[in-house]
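Visitor: Pasting a structure below so you can have a look.
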Amino acid sequence: DMPLGDRSIGFSTTVEDTQTRSGALATGNLLSMGIFAYYTGSNDWTISKKPNFMYNQEVKRSNASSPWTYSPVKYWPNNPGDKLTFFAYAPYVKEVSGSNPSFRPVTDAGYPTFNYTVPVKDNDQTDLLVSIPPLMNQTYGTNNGKVSLHMSHALTRVSVYLKSGDNVQGKQVTVFSMQATKKAILGFRTPTPSYTKYYRNDYRISFGHSPLRRTGRERREKAACRLLPPTRRQDK
C-alpha cells in the first residue's frame, strides 16, 4: 500500500557553489524544483520501479527563508522500514507539449530521464540543476523526516570576452560563433547523472557593436552561454 502516515515529508536544498555570476542558481535564489519519487515498500529501489509516489511534483518557496511547500502533501510510511527514493531537478518546468526539458512517461520504469534542448539565443539560456547524488532508499529515520537535496549544475557555463593586442581603434565585433551540443537526454544515475548526446549546433551570439580592447586593459565579459557539457559524440 502507498504511504498514508501522519508525518509529512519536508524538503531542504543546498546548491553547489561553482557559478557565481549573474543568472546562476544558488542556495539563496533557488525557488522551485521538480521531484520524482518512488515508493518501494521494504525493498530497495531497482530499475523495474516506476515513479509511483511523485511525478514531476512542483515544490516551491517564495524566498530563501521560506519553507518548501507542495500540494498535495505527502507523508512518510507508517512502517518505519518502508523506503522512498527521490530525484530532483530545478527550476521546475510544467510539462506541456514542447516544454523544455520534457520527461519520460510516468508509466516508464527505471531512472528518470529528460530531454533538454539548448535555446539558440544566449539570452534564453537558463541554469539547470539536478540532485547529485539522488537520495536512494530513504526512510523517516534516514534524516529525521527531511529530504535534503544537494543540487549541482548540469550545464557548462561558457564566458566570452573581447580583447586585442594590436591597434584596435575603430574595430568592432558584432557576432561570435561556436559549435556545441544542441540536444541531449539526461539520465539520472547513481552517483551522478549522464548525458546521451544527439547532435551539434552552431551558436551565433550577437554583441551589437562591441569595441575591441587593447591588451593590458581590463577585459569585460560580453556574453555567457549555458551549454550541454562536452560528451562522446552521437550525432543523429
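Letters A, B, ... go to the chains of the C-alpha cells in the order shown; residues in each chain start at 1; ligands are counted from 1 in the same order.
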At a cut-off of 6 Å, using only C-alpha atoms, what residues contact stretch 117-124 of chain A? Leave out same-chain residues fewer than 2 positions from it and give the result as a list in words.
Guide: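 Listed by chain and then number, they are Lys182, Lys183 and Cys225 of chain A.
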Visitor: Which residue out of A:Arg157, A:Lys83, A:Lys74, A:Arg189 has the minimum interatomic distance to A:Ile9 when only C-alpha atoms are used?
Guide: A:Lys74
Visitor: Could you pull out the residues in stretch 34-88 of chain A that DSSP calls strand (DSSP E) from the backbone, as a PyMOL selection string?
Guide: chain A and resi 34-39+54-60+84-88
Visitor: Could you save the residues just selected, with N, CA and C atoms, as a compact mmCIF listing (two decimals), in the first residue's frame?
Guide:
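As written to disk, again07.txt reads:
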# COMPACT_ATOMS: atom_id res chain seq x y z
N GLY A 34 11.50 20.32 -9.40
CA GLY A 34 10.61 19.22 -9.73
C GLY A 34 11.14 17.94 -9.09
N ILE A 35 10.24 17.13 -8.54
CA ILE A 35 10.62 15.93 -7.81
C ILE A 35 10.01 14.70 -8.47
N PHE A 36 10.82 13.66 -8.61
CA PHE A 36 10.36 12.33 -8.99
C PHE A 36 10.65 11.41 -7.80
N ALA A 37 9.64 10.69 -7.32
CA ALA A 37 9.83 9.86 -6.14
C ALA A 37 9.17 8.50 -6.34
N TYR A 38 9.80 7.49 -5.74
CA TYR A 38 9.37 6.10 -5.89
C TYR A 38 9.14 5.51 -4.50
N TYR A 39 8.01 4.85 -4.33
CA TYR A 39 7.74 4.10 -3.11
C TYR A 39 7.99 2.62 -3.41
N MET A 54 5.75 10.41 -6.61
CA MET A 54 5.73 11.78 -7.13
C MET A 54 6.23 11.74 -8.57
N TYR A 55 5.54 12.46 -9.45
CA TYR A 55 5.97 12.56 -10.84
C TYR A 55 6.00 14.03 -11.22
N ASN A 56 7.19 14.56 -11.38
CA ASN A 56 7.39 15.98 -11.68
C ASN A 56 6.55 16.85 -10.74
N GLN A 57 6.62 16.53 -9.46
CA GLN A 57 5.90 17.30 -8.45
C GLN A 57 6.57 18.65 -8.24
N GLU A 58 5.80 19.71 -8.40
CA GLU A 58 6.35 21.04 -8.16
C GLU A 58 6.50 21.29 -6.66
N VAL A 59 7.71 21.69 -6.26
CA VAL A 59 7.99 22.07 -4.88
C VAL A 59 8.56 23.49 -4.96
N LYS A 60 8.00 24.41 -4.18
CA LYS A 60 8.36 25.81 -4.36
C LYS A 60 8.41 26.55 -3.03
N LEU A 84 11.51 5.28 0.37
CA LEU A 84 11.23 6.20 -0.73
C LEU A 84 12.54 6.62 -1.37
N THR A 85 12.53 6.78 -2.68
CA THR A 85 13.71 7.23 -3.42
C THR A 85 13.36 8.51 -4.17
N PHE A 86 14.26 9.51 -4.09
CA PHE A 86 13.97 10.85 -4.63
C PHE A 86 15.02 11.28 -5.65
N PHE A 87 14.53 11.85 -6.77
CA PHE A 87 15.35 12.51 -7.78
C PHE A 87 14.78 13.91 -7.97
N ALA A 88 15.64 14.89 -8.22
CA ALA A 88 15.15 16.26 -8.35
C ALA A 88 15.91 17.02 -9.43
Visitor: Excluding same-chain residues fewer than 5 positions from A:Thr13, what lies within 6 Å of it counting only C-alpha atoms, as a list in words?
Guide: Ser148, Leu149 and His150 of chain A
Visitor: For atom CA of A:Leu30 and atom CA of A:Asp6, quote the distance in Å rounded to one decimal.
Guide: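 Separation between atom CA of A:Leu30 and atom CA of A:Asp6: 28.0 Å.
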Visitor: Excluding same-chain residues fewer than 6 positions from A:Tyr195, what lies within 7 Å of it counting only C-alpha atoms, as a PyMOL selection string?
Guide: chain A and resi 184-187
Visitor: Could you save those same residues with all heavy atoms as a short mmCIF file (atom, residue, chain, number, x, y, z; two decimals), in the first residue's frame?
Guide:
data_model
loop_
_atom_site.label_atom_id
_atom_site.label_comp_id
_atom_site.auth_asym_id
_atom_site.auth_seq_id
_atom_site.Cartn_x
_atom_site.Cartn_y
_atom_site.Cartn_z
N ALA A 184 20.23 16.79 -25.90
CA ALA A 184 20.71 15.57 -25.26
C ALA A 184 19.65 15.04 -24.31
O ALA A 184 18.71 15.74 -23.93
CB ALA A 184 22.01 15.82 -24.51
N ILE A 185 19.80 13.80 -23.93
CA ILE A 185 18.98 13.18 -22.90
C ILE A 185 19.83 13.07 -21.64
O ILE A 185 20.93 12.53 -21.66
CB ILE A 185 18.50 11.78 -23.30
CG1 ILE A 185 17.61 11.87 -24.54
CG2 ILE A 185 17.74 11.12 -22.16
CD1 ILE A 185 17.19 10.51 -25.07
N LEU A 186 19.32 13.64 -20.55
CA LEU A 186 20.00 13.49 -19.27
C LEU A 186 19.32 12.36 -18.51
O LEU A 186 18.12 12.39 -18.28
CB LEU A 186 19.95 14.78 -18.46
CG LEU A 186 20.75 14.74 -17.15
CD1 LEU A 186 21.34 16.12 -16.85
CD2 LEU A 186 19.91 14.28 -15.96
N GLY A 187 20.11 11.36 -18.14
CA GLY A 187 19.59 10.24 -17.37
C GLY A 187 20.15 10.25 -15.97
O GLY A 187 21.37 10.31 -15.78
#
Visitor: Need the shell around A:Gly110: protein/DNA/RNA residues with any atom at most 7 Å away, counting only C-alpha atoms. Skip same-chain ones fewer than 6 positions apart. Format as a list in words?
Guide: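 Listed by chain and then number, they are Ile47, Ser48, Lys49 and Lys50 of chain A.
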Visitor: If we count only C-alpha atoms and set the cut-off at 12 Å, which residues sit around A:Tyr116, ignoring sequence neighbours fewer than 6 positions away in its own chain? Please answer as a PyMOL selection string.
Guide: chain A and resi 93+98-104+125-128+154-155+181-187+195-199+227-228
Visitor: Using only C-alpha atoms, which protein or nucleic acid residues come within 7 Å of A:Ile132? Drop anything in the same chain fewer than 3 positions from it, and give the result as a VMD selection string.
Guide: chain A and resid 150 to 152 191 to 192
Visitor: Go ahead and dump the residues you just picked, N, CA and C atoms, as an mmCIF file, in the first residue's frame.
Guide:
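Output below, filename part_13.cif:
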data_model
loop_
_atom_site.group_PDB
_atom_site.id
_atom_site.type_symbol
_atom_site.label_atom_id
_atom_site.label_comp_id
_atom_site.auth_asym_id
_atom_site.auth_seq_id
_atom_site.Cartn_x
_atom_site.Cartn_y
_atom_site.Cartn_z
ATOM 1 N N HIS A 150 21.025 17.888 -2.467
ATOM 2 C CA HIS A 150 22.178 18.685 -2.894
ATOM 3 C C HIS A 150 22.101 18.829 -4.409
ATOM 4 N N MET A 151 21.948 20.052 -4.874
ATOM 5 C CA MET A 151 21.743 20.319 -6.289
ATOM 6 C C MET A 151 23.040 20.791 -6.938
ATOM 7 N N SER A 152 23.319 20.250 -8.116
ATOM 8 C CA SER A 152 24.532 20.600 -8.858
ATOM 9 C C SER A 152 24.166 21.105 -10.245
ATOM 10 N N PRO A 191 26.369 7.334 -8.888
ATOM 11 C CA PRO A 191 26.081 8.515 -8.073
ATOM 12 C C PRO A 191 25.822 9.789 -8.872
ATOM 13 N N THR A 192 26.123 9.812 -10.182
ATOM 14 C CA THR A 192 25.961 11.044 -10.951
ATOM 15 C C THR A 192 25.165 10.789 -12.220
#
Visitor: Counting only C-alpha atoms, which of A:Leu31, A:Phe114, A:Ser8, A:Pro105 gets nearest to A:Ser65?
Guide: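 Among the listed residues, the smallest separation from A:Ser65 belongs to A:Leu31.
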Visitor: Which one is closest to A:Ala109: A:Asn137, A:Thr190, A:Asn52, A:Asn63? Count only C-alpha atoms.
Guide: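 Smallest separation from A:Ala109 among the options: A:Asn52.
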